[in-house]
Amino acid sequence: MRKAIRIFDLILFAVCVALFMLIGVGNAVTPDTIVTYGEEKTVFNSIYTCSVDKKDTSVDFQNASSRQSIKVLGVVPVKTVSVTSKQEQRVYVSGESFGIKLYTDGVIVVGTQSVDLGSKKVNPAENAGIEVGDIIISINNMNVFTSDDVEKILNDNNGKPYTVKVKRNERYKTFTLTPVYSDREGCYKAGMWVRDSTAGIGTITFYNKEAGTFGALGHQVNDVDTNEIMPMLEGEAVGANVTKVYKAASGETGSLTCDFQDYTIGRLTDNTYCGIYGVYSQIGESAKEYTVSSKQEVEKGEAELITTVDSSGPHSYDIEITKISYSESHQQKNMVIKITDRELLEKTGGIVQGMSGSPIIQNGKLVGALTHVIINNPKKGYAIFAQTMVEQSNFVE
């Protein structure tokens, strides 16, 4: 009898330990806020669920929030979360390549350089406290928007100090910059390199017809030298035709080469962590209408990637979603996907630059967009939830 009680106690202890572990893990892997599109039960996996009582007449389930519990196996509460039920959204899914022309709000410092004075070398920008990645807003209270603006102001001097206002880490700082005269070049030099624009290619994820906007990339556009997000003043999205593919291999990033076309897709307005957005002037001919999936509807398993890797336009290719994360601090990596389509692997070797933003379809719904390649295994990459991108597009102006 004592032996049976001891065994029972051990089993009970093991169950309690496992349950506490599940509760701890659930707190970490499930989100604090949930947006649903009418589902009565939000299922994160076979273990964690969150039920929404549609019979609760005290809650307006269209664009209203309520407090609900996430439970282990539908029984033991893990934590209370805010659940907002919204009307289902539909968008036009594209997968077409496009060209990006982006102009900065201010001028980015992309490098500093010492000036050779013969007997010594001096770096005026560095001595003033200006750093790579700073965004120059104004010089002597004159706003600057282009590198030509900076050059014109700095060239019109006799070595007198300038007051330079910069933006750094979302804060404004003011420095005193004193150019030095270079006998070798016969002019005053500030000792810094600046950039006012960038260009690149990507993939259109969707057109939000209700808002008149479009979303692409699934991640921000960074400056190539500083790796800081480009502070966008304005931009343009233009048509692009894929002309060549440089295949990816382990440790080597492949890429698409495109020719920009002479037609405009739309005006770029927002460069954000979860994608680049704009107001479209026309919807791509290949775009088809899909319902947007909530994050909780996304499942591990088979899916499709719509992307453009040759001149024939967007095509659908087989992939597998191998991992799902609800982390709100790493939204660009909410999914891990694997390319399984032999045709796509033959053409590209896996995921290459230019495919960012390629929409992911599962169970007839838009569930996400490709964001990054895993460099040591280009058959795999990361993706962002479609819900995150579409919600952001509703705020584009």
# chains A, B, ... in the order shown; residues from 1 in each chain; ligands from 1

$ closest_atom_pairs --of "segment 223-286 of chain A" --to "segment 135-144 of chain A" --cutoff "12 Å" --atoms "only C-alpha atoms" --output "JSON lines"
{"residue": "A:Asp223", "atom": "CA", "partner": "A:Ile135", "partner_atom": "CA", "distance": 11.5}
{"residue": "A:Thr226", "atom": "CA", "partner": "A:Ile135", "partner_atom": "CA", "distance": 11.0}
{"residue": "A:Glu228", "atom": "CA", "partner": "A:Ile135", "partner_atom": "CA", "distance": 10.2}
{"residue": "A:Ile229", "atom": "CA", "partner": "A:Ile135", "partner_atom": "CA", "distance": 10.8}
{"residue": "A:Met230", "atom": "CA", "partner": "A:Ile135", "partner_atom": "CA", "distance": 9.4}
{"residue": "A:Pro231", "atom": "CA", "partner": "A:Ile135", "partner_atom": "CA", "distance": 8.2}
{"residue": "A:Met232", "atom": "CA", "partner": "A:Ile135", "partner_atom": "CA", "distance": 11.2}
{"residue": "A:Leu233", "atom": "CA", "partner": "A:Val144", "partner_atom": "CA", "distance": 11.7}

$ write_last_selection --atoms "all heavy atoms" --output "JSON list (two decimals), in the first residue's frame"
[["chain", "number", "residue", "atom", "x", "y", "z"],
["A", 223, "ASP", "N", 20.24, 51.98, -44.56],
["A", 223, "ASP", "CA", 21.36, 52.52, -45.32],
["A", 223, "ASP", "C", 22.43, 51.45, -45.46],
["A", 223, "ASP", "O", 22.74, 50.75, -44.48],
["A", 223, "ASP", "CB", 21.92, 53.76, -44.63],
["A", 223, "ASP", "CG", 23.10, 54.36, -45.40],
["A", 223, "ASP", "OD1", 22.84, 55.09, -46.37],
["A", 223, "ASP", "OD2", 24.25, 54.06, -45.03],
["A", 226, "THR", "N", 25.65, 52.49, -43.04],
["A", 226, "THR", "CA", 25.47, 52.60, -41.59],
["A", 226, "THR", "C", 24.60, 51.51, -41.01],
["A", 226, "THR", "O", 24.59, 51.29, -39.80],
["A", 226, "THR", "CB", 24.81, 53.96, -41.24],
["A", 226, "THR", "OG1", 23.46, 53.97, -41.74],
["A", 226, "THR", "CG2", 25.59, 55.11, -41.86],
["A", 228, "GLU", "N", 21.60, 51.69, -40.57],
["A", 228, "GLU", "CA", 20.52, 52.33, -39.85],
["A", 228, "GLU", "C", 19.32, 52.51, -40.78],
["A", 228, "GLU", "O", 19.47, 52.62, -42.00],
["A", 228, "GLU", "CB", 20.96, 53.71, -39.34],
["A", 228, "GLU", "CG", 22.13, 53.67, -38.34],
["A", 228, "GLU", "CD", 21.73, 53.10, -37.00],
["A", 228, "GLU", "OE1", 20.54, 53.20, -36.65],
["A", 228, "GLU", "OE2", 22.61, 52.58, -36.29],
["A", 229, "ILE", "N", 18.11, 52.53, -40.19],
["A", 229, "ILE", "CA", 16.91, 52.71, -41.00],
["A", 229, "ILE", "C", 16.96, 54.06, -41.71],
["A", 229, "ILE", "O", 17.34, 55.07, -41.12],
["A", 229, "ILE", "CB", 15.64, 52.58, -40.13],
["A", 229, "ILE", "CG1", 14.38, 52.61, -41.00],
["A", 229, "ILE", "CG2", 15.60, 53.66, -39.04],
["A", 229, "ILE", "CD1", 13.13, 52.23, -40.25],
["A", 230, "MET", "N", 16.61, 54.07, -43.00],
["A", 230, "MET", "CA", 16.62, 55.30, -43.78],
["A", 230, "MET", "C", 15.45, 56.18, -43.36],
["A", 230, "MET", "O", 14.29, 55.75, -43.43],
["A", 230, "MET", "CB", 16.51, 54.98, -45.27],
["A", 230, "MET", "CG", 17.68, 54.23, -45.86],
["A", 230, "MET", "SD", 19.13, 55.26, -46.13],
["A", 230, "MET", "CE", 18.65, 56.15, -47.61],
["A", 231, "PRO", "N", 15.72, 57.42, -42.92],
["A", 231, "PRO", "CA", 14.62, 58.33, -42.54],
["A", 231, "PRO", "C", 13.99, 58.90, -43.81],
["A", 231, "PRO", "O", 14.52, 59.83, -44.41],
["A", 231, "PRO", "CB", 15.35, 59.41, -41.74],
["A", 231, "PRO", "CG", 16.73, 59.44, -42.32],
["A", 231, "PRO", "CD", 17.04, 58.03, -42.75],
["A", 232, "MET", "N", 12.87, 58.38, -44.21],
["A", 232, "MET", "CA", 12.30, 58.70, -45.52],
["A", 232, "MET", "C", 11.54, 60.01, -45.54],
["A", 232, "MET", "O", 10.67, 60.25, -44.71],
["A", 232, "MET", "CB", 11.39, 57.56, -45.99],
["A", 232, "MET", "CG", 10.93, 57.72, -47.44],
["A", 232, "MET", "SD", 10.13, 56.24, -48.06],
["A", 232, "MET", "CE", 8.64, 56.23, -47.12],
["A", 233, "LEU", "N", 11.88, 60.85, -46.51],
["A", 233, "LEU", "CA", 11.13, 62.07, -46.78],
["A", 233, "LEU", "C", 10.05, 61.79, -47.81],
["A", 233, "LEU", "O", 8.89, 62.14, -47.65],
["A", 233, "LEU", "CB", 12.06, 63.17, -47.28],
["A", 233, "LEU", "CG", 11.39, 64.48, -47.72],
["A", 233, "LEU", "CD1", 10.72, 65.16, -46.53],
["A", 233, "LEU", "CD2", 12.41, 65.40, -48.37]]

$ residues_around --residues "segment 109-117 of chain A" --least-positions-apart "2" --cutoff "8 Å" --atoms "only C-alpha atoms" --output "short mmCIF file (atom, residue, chain, number, x, y, z; two decimals) with all heavy atoms, in the first residue's frame"
data_model
loop_
_atom_site.label_atom_id
_atom_site.label_comp_id
_atom_site.auth_asym_id
_atom_site.auth_seq_id
_atom_site.Cartn_x
_atom_site.Cartn_y
_atom_site.Cartn_z
N VAL A 107 19.98 64.43 -44.22
CA VAL A 107 21.10 63.82 -44.94
C VAL A 107 21.87 62.94 -43.98
O VAL A 107 22.23 63.36 -42.88
CB VAL A 107 22.02 64.92 -45.53
CG1 VAL A 107 23.20 64.29 -46.25
CG2 VAL A 107 21.24 65.82 -46.48
N SER A 119 51.47 68.70 -42.64
CA SER A 119 52.21 68.37 -41.43
C SER A 119 51.42 67.46 -40.49
O SER A 119 51.99 66.82 -39.61
CB SER A 119 52.58 69.66 -40.67
OG SER A 119 51.41 70.39 -40.32
N LYS A 120 50.11 67.41 -40.68
CA LYS A 120 49.27 66.58 -39.83
C LYS A 120 47.94 66.29 -40.54
O LYS A 120 47.64 66.88 -41.58
CB LYS A 120 49.00 67.26 -38.50
CG LYS A 120 48.25 68.59 -38.62
CD LYS A 120 47.99 69.19 -37.26
CE LYS A 120 47.26 70.53 -37.39
NZ LYS A 120 46.94 71.12 -36.07
N LYS A 121 47.16 65.38 -39.95
CA LYS A 121 45.83 65.06 -40.46
C LYS A 121 44.79 65.42 -39.40
O LYS A 121 44.98 65.13 -38.22
CB LYS A 121 45.73 63.57 -40.83
CG LYS A 121 46.57 63.18 -42.03
CD LYS A 121 46.35 61.72 -42.41
CE LYS A 121 47.14 61.35 -43.66
NZ LYS A 121 46.93 59.94 -44.06
N VAL A 122 43.70 66.04 -39.87
CA VAL A 122 42.64 66.48 -38.97
C VAL A 122 41.30 66.01 -39.51
O VAL A 122 41.06 66.06 -40.72
CB VAL A 122 42.63 68.02 -38.84
CG1 VAL A 122 41.48 68.48 -37.94
CG2 VAL A 122 43.96 68.53 -38.29
N ASN A 123 40.44 65.53 -38.59
CA ASN A 123 39.08 65.13 -38.99
C ASN A 123 38.10 66.09 -38.33
O ASN A 123 37.72 65.90 -37.18
CB ASN A 123 38.79 63.69 -38.56
CG ASN A 123 37.51 63.16 -39.17
OD1 ASN A 123 36.51 63.87 -39.25
ND2 ASN A 123 37.52 61.90 -39.59
N PRO A 124 37.67 67.15 -39.04
CA PRO A 124 36.78 68.16 -38.45
C PRO A 124 35.46 67.59 -37.94
O PRO A 124 34.99 67.97 -36.86
CB PRO A 124 36.55 69.14 -39.61
CG PRO A 124 37.71 68.94 -40.52
CD PRO A 124 38.05 67.49 -40.42
N ALA A 125 34.83 66.69 -38.72
CA ALA A 125 33.53 66.13 -38.32
C ALA A 125 33.66 65.32 -37.04
O ALA A 125 32.86 65.46 -36.10
CB ALA A 125 32.97 65.27 -39.44
N GLU A 126 34.69 64.49 -36.97
CA GLU A 126 34.91 63.66 -35.79
C GLU A 126 35.24 64.52 -34.58
O GLU A 126 34.75 64.28 -33.46
CB GLU A 126 36.03 62.67 -36.07
CG GLU A 126 36.20 61.60 -35.03
CD GLU A 126 37.25 60.59 -35.43
OE1 GLU A 126 36.88 59.61 -36.12
OE2 GLU A 126 38.43 60.79 -35.07
N GLU A 131 28.95 61.68 -35.76
CA GLU A 131 29.22 60.26 -35.92
C GLU A 131 28.54 59.70 -37.16
O GLU A 131 27.55 60.25 -37.64
CB GLU A 131 28.73 59.49 -34.69
CG GLU A 131 29.38 59.91 -33.39
CD GLU A 131 28.81 59.15 -32.20
OE1 GLU A 131 27.87 58.34 -32.41
OE2 GLU A 131 29.31 59.35 -31.07
N VAL A 132 29.08 58.59 -37.64
CA VAL A 132 28.45 57.86 -38.74
C VAL A 132 27.06 57.42 -38.30
O VAL A 132 26.88 56.89 -37.20
CB VAL A 132 29.31 56.64 -39.14
CG1 VAL A 132 28.55 55.77 -40.14
CG2 VAL A 132 30.63 57.10 -39.74
N GLY A 133 26.07 57.65 -39.15
CA GLY A 133 24.68 57.32 -38.82
C GLY A 133 23.87 58.52 -38.39
O GLY A 133 22.64 58.46 -38.36
N ASP A 134 24.55 59.61 -38.04
CA ASP A 134 23.82 60.84 -37.70
C ASP A 134 23.06 61.36 -38.92
O ASP A 134 23.54 61.24 -40.06
CB ASP A 134 24.79 61.94 -37.23
CG ASP A 134 25.29 61.71 -35.81
OD1 ASP A 134 24.72 60.86 -35.12
OD2 ASP A 134 26.25 62.40 -35.41
N ILE A 135 21.92 61.94 -38.66
CA ILE A 135 21.12 62.54 -39.74
C ILE A 135 21.21 64.05 -39.60
O ILE A 135 20.74 64.62 -38.60
CB ILE A 135 19.65 62.08 -39.66
CG1 ILE A 135 19.56 60.56 -39.72
CG2 ILE A 135 18.83 62.72 -40.79
CD1 ILE A 135 18.23 60.02 -39.27
N ILE A 136 21.83 64.70 -40.56
CA ILE A 136 21.97 66.15 -40.51
C ILE A 136 20.64 66.79 -40.90
O ILE A 136 20.12 66.58 -42.00
CB ILE A 136 23.08 66.64 -41.45
CG1 ILE A 136 24.42 66.03 -41.04
CG2 ILE A 136 23.17 68.17 -41.43
CD1 ILE A 136 25.57 66.40 -41.96
N VAL A 180 38.49 72.67 -42.26
CA VAL A 180 39.92 73.04 -42.37
C VAL A 180 40.30 73.13 -43.83
O VAL A 180 39.70 72.48 -44.70
CB VAL A 180 40.80 72.00 -41.65
CG1 VAL A 180 40.56 72.03 -40.15
CG2 VAL A 180 40.58 70.60 -42.20
N TYR A 181 41.31 73.95 -44.10
CA TYR A 181 41.71 74.20 -45.49
C TYR A 181 42.75 73.18 -45.94
O TYR A 181 43.76 72.94 -45.26
CB TYR A 181 42.28 75.61 -45.63
CG TYR A 181 42.52 76.00 -47.08
CD1 TYR A 181 41.46 76.44 -47.87
CD2 TYR A 181 43.79 75.92 -47.64
CE1 TYR A 181 41.67 76.81 -49.19
CE2 TYR A 181 44.00 76.26 -48.96
CZ TYR A 181 42.94 76.71 -49.74
OH TYR A 181 43.15 77.06 -51.06
N SER A 182 42.47 72.56 -47.07
CA SER A 182 43.40 71.58 -47.64
C SER A 182 44.16 72.22 -48.80
O SER A 182 43.57 72.58 -49.82
CB SER A 182 42.62 70.35 -48.15
OG SER A 182 43.46 69.49 -48.90
N ASP A 183 45.47 72.39 -48.63
CA ASP A 183 46.29 72.95 -49.71
C ASP A 183 46.27 72.04 -50.94
O ASP A 183 46.29 72.52 -52.07
CB ASP A 183 47.74 73.11 -49.23
CG ASP A 183 47.87 74.25 -48.22
OD1 ASP A 183 47.17 75.26 -48.40
OD2 ASP A 183 48.64 74.10 -47.25
N ARG A 184 46.22 70.74 -50.68
CA ARG A 184 46.24 69.78 -51.80
C ARG A 184 45.03 69.95 -52.69
O ARG A 184 45.13 69.89 -53.92
CB ARG A 184 46.32 68.36 -51.25
CG ARG A 184 46.33 67.27 -52.32
CD ARG A 184 46.48 65.89 -51.70
NE ARG A 184 47.77 65.76 -51.03
CZ ARG A 184 48.16 64.65 -50.41
NH1 ARG A 184 47.35 63.60 -50.36
NH2 ARG A 184 49.34 64.60 -49.81
N LYS A 189 37.51 71.65 -46.11
CA LYS A 189 36.91 70.30 -46.05
C LYS A 189 36.33 70.06 -44.66
O LYS A 189 36.91 70.47 -43.64
CB LYS A 189 37.97 69.23 -46.35
CG LYS A 189 38.73 69.43 -47.66
CD LYS A 189 37.84 69.18 -48.86
CE LYS A 189 37.52 67.74 -49.03
NZ LYS A 189 36.74 67.47 -50.27
N GLY A 191 35.39 66.83 -43.77
CA GLY A 191 35.81 65.49 -43.35
C GLY A 191 34.69 64.50 -43.14
O GLY A 191 34.76 63.66 -42.25
N MET A 192 33.62 64.60 -43.97
CA MET A 192 32.54 63.61 -43.84
C MET A 192 31.89 63.34 -45.20
O MET A 192 31.91 64.18 -46.10
CB MET A 192 31.48 64.09 -42.84
CG MET A 192 30.78 65.37 -43.21
SD MET A 192 29.61 65.90 -41.91
CE MET A 192 29.00 67.42 -42.63
N TRP A 193 31.35 62.13 -45.31
CA TRP A 193 30.61 61.72 -46.49
C TRP A 193 29.14 61.62 -46.12
O TRP A 193 28.81 61.14 -45.04
CB TRP A 193 31.09 60.36 -47.00
CG TRP A 193 32.54 60.34 -47.42
CD1 TRP A 193 33.61 59.96 -46.67
CD2 TRP A 193 33.07 60.73 -48.69
NE1 TRP A 193 34.77 60.07 -47.37
CE2 TRP A 193 34.48 60.54 -48.63
CE3 TRP A 193 32.49 61.19 -49.87
CZ2 TRP A 193 35.31 60.82 -49.70
CZ3 TRP A 193 33.32 61.48 -50.95
CH2 TRP A 193 34.71 61.29 -50.86
N VAL A 194 28.27 62.08 -47.02
CA VAL A 194 26.84 62.06 -46.73
C VAL A 194 26.07 61.44 -47.89
O VAL A 194 26.55 61.38 -49.02
CB VAL A 194 26.30 63.48 -46.45
CG1 VAL A 194 26.96 64.07 -45.22
CG2 VAL A 194 26.48 64.40 -47.65
N ARG A 195 24.84 60.96 -47.57
CA ARG A 195 23.97 60.37 -48.59
C ARG A 195 22.56 60.89 -48.40
O ARG A 195 22.09 61.07 -47.27
CB ARG A 195 23.98 58.85 -48.50
CG ARG A 195 23.05 58.17 -49.50
CD ARG A 195 23.06 56.65 -49.43
NE ARG A 195 24.32 56.13 -49.93
CZ ARG A 195 25.17 55.41 -49.22
NH1 ARG A 195 24.89 55.14 -47.95
NH2 ARG A 195 26.29 54.96 -49.73
N ASP A 225 25.62 51.63 -45.76
CA ASP A 225 26.87 51.84 -45.04
C ASP A 225 26.70 51.83 -43.52
O ASP A 225 27.51 51.25 -42.80
CB ASP A 225 27.51 53.18 -45.46
CG ASP A 225 28.05 53.13 -46.88
OD1 ASP A 225 28.85 52.23 -47.17
OD2 ASP A 225 27.66 53.97 -47.70
N THR A 226 25.65 52.49 -43.04
CA THR A 226 25.47 52.60 -41.59
C THR A 226 24.60 51.51 -41.01
O THR A 226 24.59 51.29 -39.80
CB THR A 226 24.81 53.96 -41.24
OG1 THR A 226 23.46 53.97 -41.74
CG2 THR A 226 25.59 55.11 -41.86
#

$ select_by_dssp --residues "segment 93-338 of chain A" --states "helix (DSSP H, G or I)" --output "number ranges by chain"
A: 124-128, 147-155, 295-297, 331-333

$ write_last_selection --atoms "N, CA and C atoms" --output "PDB file, in the first residue's frame"
ATOM      1  N   PRO A 124      37.672  67.154 -39.039  1.00  0.00           N
ATOM      2  CA  PRO A 124      36.776  68.161 -38.452  1.00  0.00           C
ATOM      3  C   PRO A 124      35.462  67.586 -37.943  1.00  0.00           C
ATOM      4  N   ALA A 125      34.830  66.687 -38.717  1.00  0.00           N
ATOM      5  CA  ALA A 125      33.535  66.127 -38.321  1.00  0.00           C
ATOM      6  C   ALA A 125      33.660  65.319 -37.037  1.00  0.00           C
ATOM      7  N   GLU A 126      34.691  64.492 -36.972  1.00  0.00           N
ATOM      8  CA  GLU A 126      34.906  63.663 -35.791  1.00  0.00           C
ATOM      9  C   GLU A 126      35.244  64.524 -34.577  1.00  0.00           C
ATOM     10  N   ASN A 127      36.064  65.550 -34.788  1.00  0.00           N
ATOM     11  CA  ASN A 127      36.421  66.448 -33.687  1.00  0.00           C
ATOM     12  C   ASN A 127      35.204  67.200 -33.157  1.00  0.00           C
ATOM     13  N   ALA A 128      34.255  67.469 -34.048  1.00  0.00           N
ATOM     14  CA  ALA A 128      33.041  68.188 -33.633  1.00  0.00           C
ATOM     15  C   ALA A 128      32.102  67.297 -32.830  1.00  0.00           C
ATOM     16  N   SER A 147      22.558  65.980 -50.499  1.00  0.00           N
ATOM     17  CA  SER A 147      24.006  66.141 -50.345  1.00  0.00           C
ATOM     18  C   SER A 147      24.482  67.408 -51.027  1.00  0.00           C
ATOM     19  N   ASP A 148      23.790  67.831 -52.084  1.00  0.00           N
ATOM     20  CA  ASP A 148      24.133  69.094 -52.756  1.00  0.00           C
ATOM     21  C   ASP A 148      23.916  70.284 -51.831  1.00  0.00           C
ATOM     22  N   ASP A 149      22.833  70.219 -51.004  1.00  0.00           N
ATOM     23  CA  ASP A 149      22.588  71.292 -50.035  1.00  0.00           C
ATOM     24  C   ASP A 149      23.762  71.430 -49.069  1.00  0.00           C
ATOM     25  N   VAL A 150      24.242  70.285 -48.573  1.00  0.00           N
ATOM     26  CA  VAL A 150      25.351  70.281 -47.621  1.00  0.00           C
ATOM     27  C   VAL A 150      26.615  70.824 -48.281  1.00  0.00           C
ATOM     28  N   GLU A 151      26.892  70.344 -49.487  1.00  0.00           N
ATOM     29  CA  GLU A 151      28.102  70.769 -50.198  1.00  0.00           C
ATOM     30  C   GLU A 151      28.085  72.272 -50.481  1.00  0.00           C
ATOM     31  N   LYS A 152      26.935  72.768 -50.889  1.00  0.00           N
ATOM     32  CA  LYS A 152      26.821  74.193 -51.219  1.00  0.00           C
ATOM     33  C   LYS A 152      27.073  75.065 -49.994  1.00  0.00           C
ATOM     34  N   ILE A 153      26.491  74.697 -48.863  1.00  0.00           N
ATOM     35  CA  ILE A 153      26.655  75.491 -47.638  1.00  0.00           C
ATOM     36  C   ILE A 153      28.092  75.431 -47.135  1.00  0.00           C
ATOM     37  N   LEU A 154      28.677  74.221 -47.108  1.00  0.00           N
ATOM     38  CA  LEU A 154      30.023  74.059 -46.566  1.00  0.00           C
ATOM     39  C   LEU A 154      31.093  74.646 -47.479  1.00  0.00           C
ATOM     40  N   ASN A 155      30.830  74.697 -48.784  1.00  0.00           N
ATOM     41  CA  ASN A 155      31.807  75.267 -49.705  1.00  0.00           C
ATOM     42  C   ASN A 155      31.828  76.792 -49.649  1.00  0.00           C
ATOM     43  N   LYS A 295      -2.870  35.805 -36.828  1.00  0.00           N
ATOM     44  CA  LYS A 295      -1.623  35.129 -36.467  1.00  0.00           C
ATOM     45  C   LYS A 295      -1.882  33.715 -35.953  1.00  0.00           C
ATOM     46  N   GLN A 296      -2.978  33.580 -35.204  1.00  0.00           N
ATOM     47  CA  GLN A 296      -3.246  32.300 -34.554  1.00  0.00           C
ATOM     48  C   GLN A 296      -3.704  31.218 -35.530  1.00  0.00           C
ATOM     49  N   GLU A 297      -4.128  31.621 -36.729  1.00  0.00           N
ATOM     50  CA  GLU A 297      -4.559  30.642 -37.728  1.00  0.00           C
ATOM     51  C   GLU A 297      -3.388  29.994 -38.456  1.00  0.00           C
ATOM     52  N   GLN A 331       9.339  40.658 -34.727  1.00  0.00           N
ATOM     53  CA  GLN A 331       8.230  40.409 -35.643  1.00  0.00           C
ATOM     54  C   GLN A 331       8.674  39.997 -37.039  1.00  0.00           C
ATOM     55  N   GLN A 332       9.870  40.408 -37.446  1.00  0.00           N
ATOM     56  CA  GLN A 332      10.359  40.020 -38.764  1.00  0.00           C
ATOM     57  C   GLN A 332      10.715  38.531 -38.830  1.00  0.00           C
ATOM     58  N   LYS A 333      10.765  37.898 -37.654  1.00  0.00           N
ATOM     59  CA  LYS A 333      11.158  36.486 -37.586  1.00  0.00           C
ATOM     60  C   LYS A 333      10.096  35.662 -36.861  1.00  0.00           C
TER      61      LYS A 333
END

$ residues_around --residues "segment 335-347 of chain A" --least-positions-apart "5" --cutoff "9 Å" --atoms "only C-alpha atoms" --output "ChimeraX atom specification"
/A:245,247,305,309-310,317-326,368,370,378-385

$ closest_residue --among "A:Glu299, A:Glu285, A:Glu328, A:Glu236" --to "Thr264 of chain A" --atoms "only C-alpha atoms"
A:Glu236
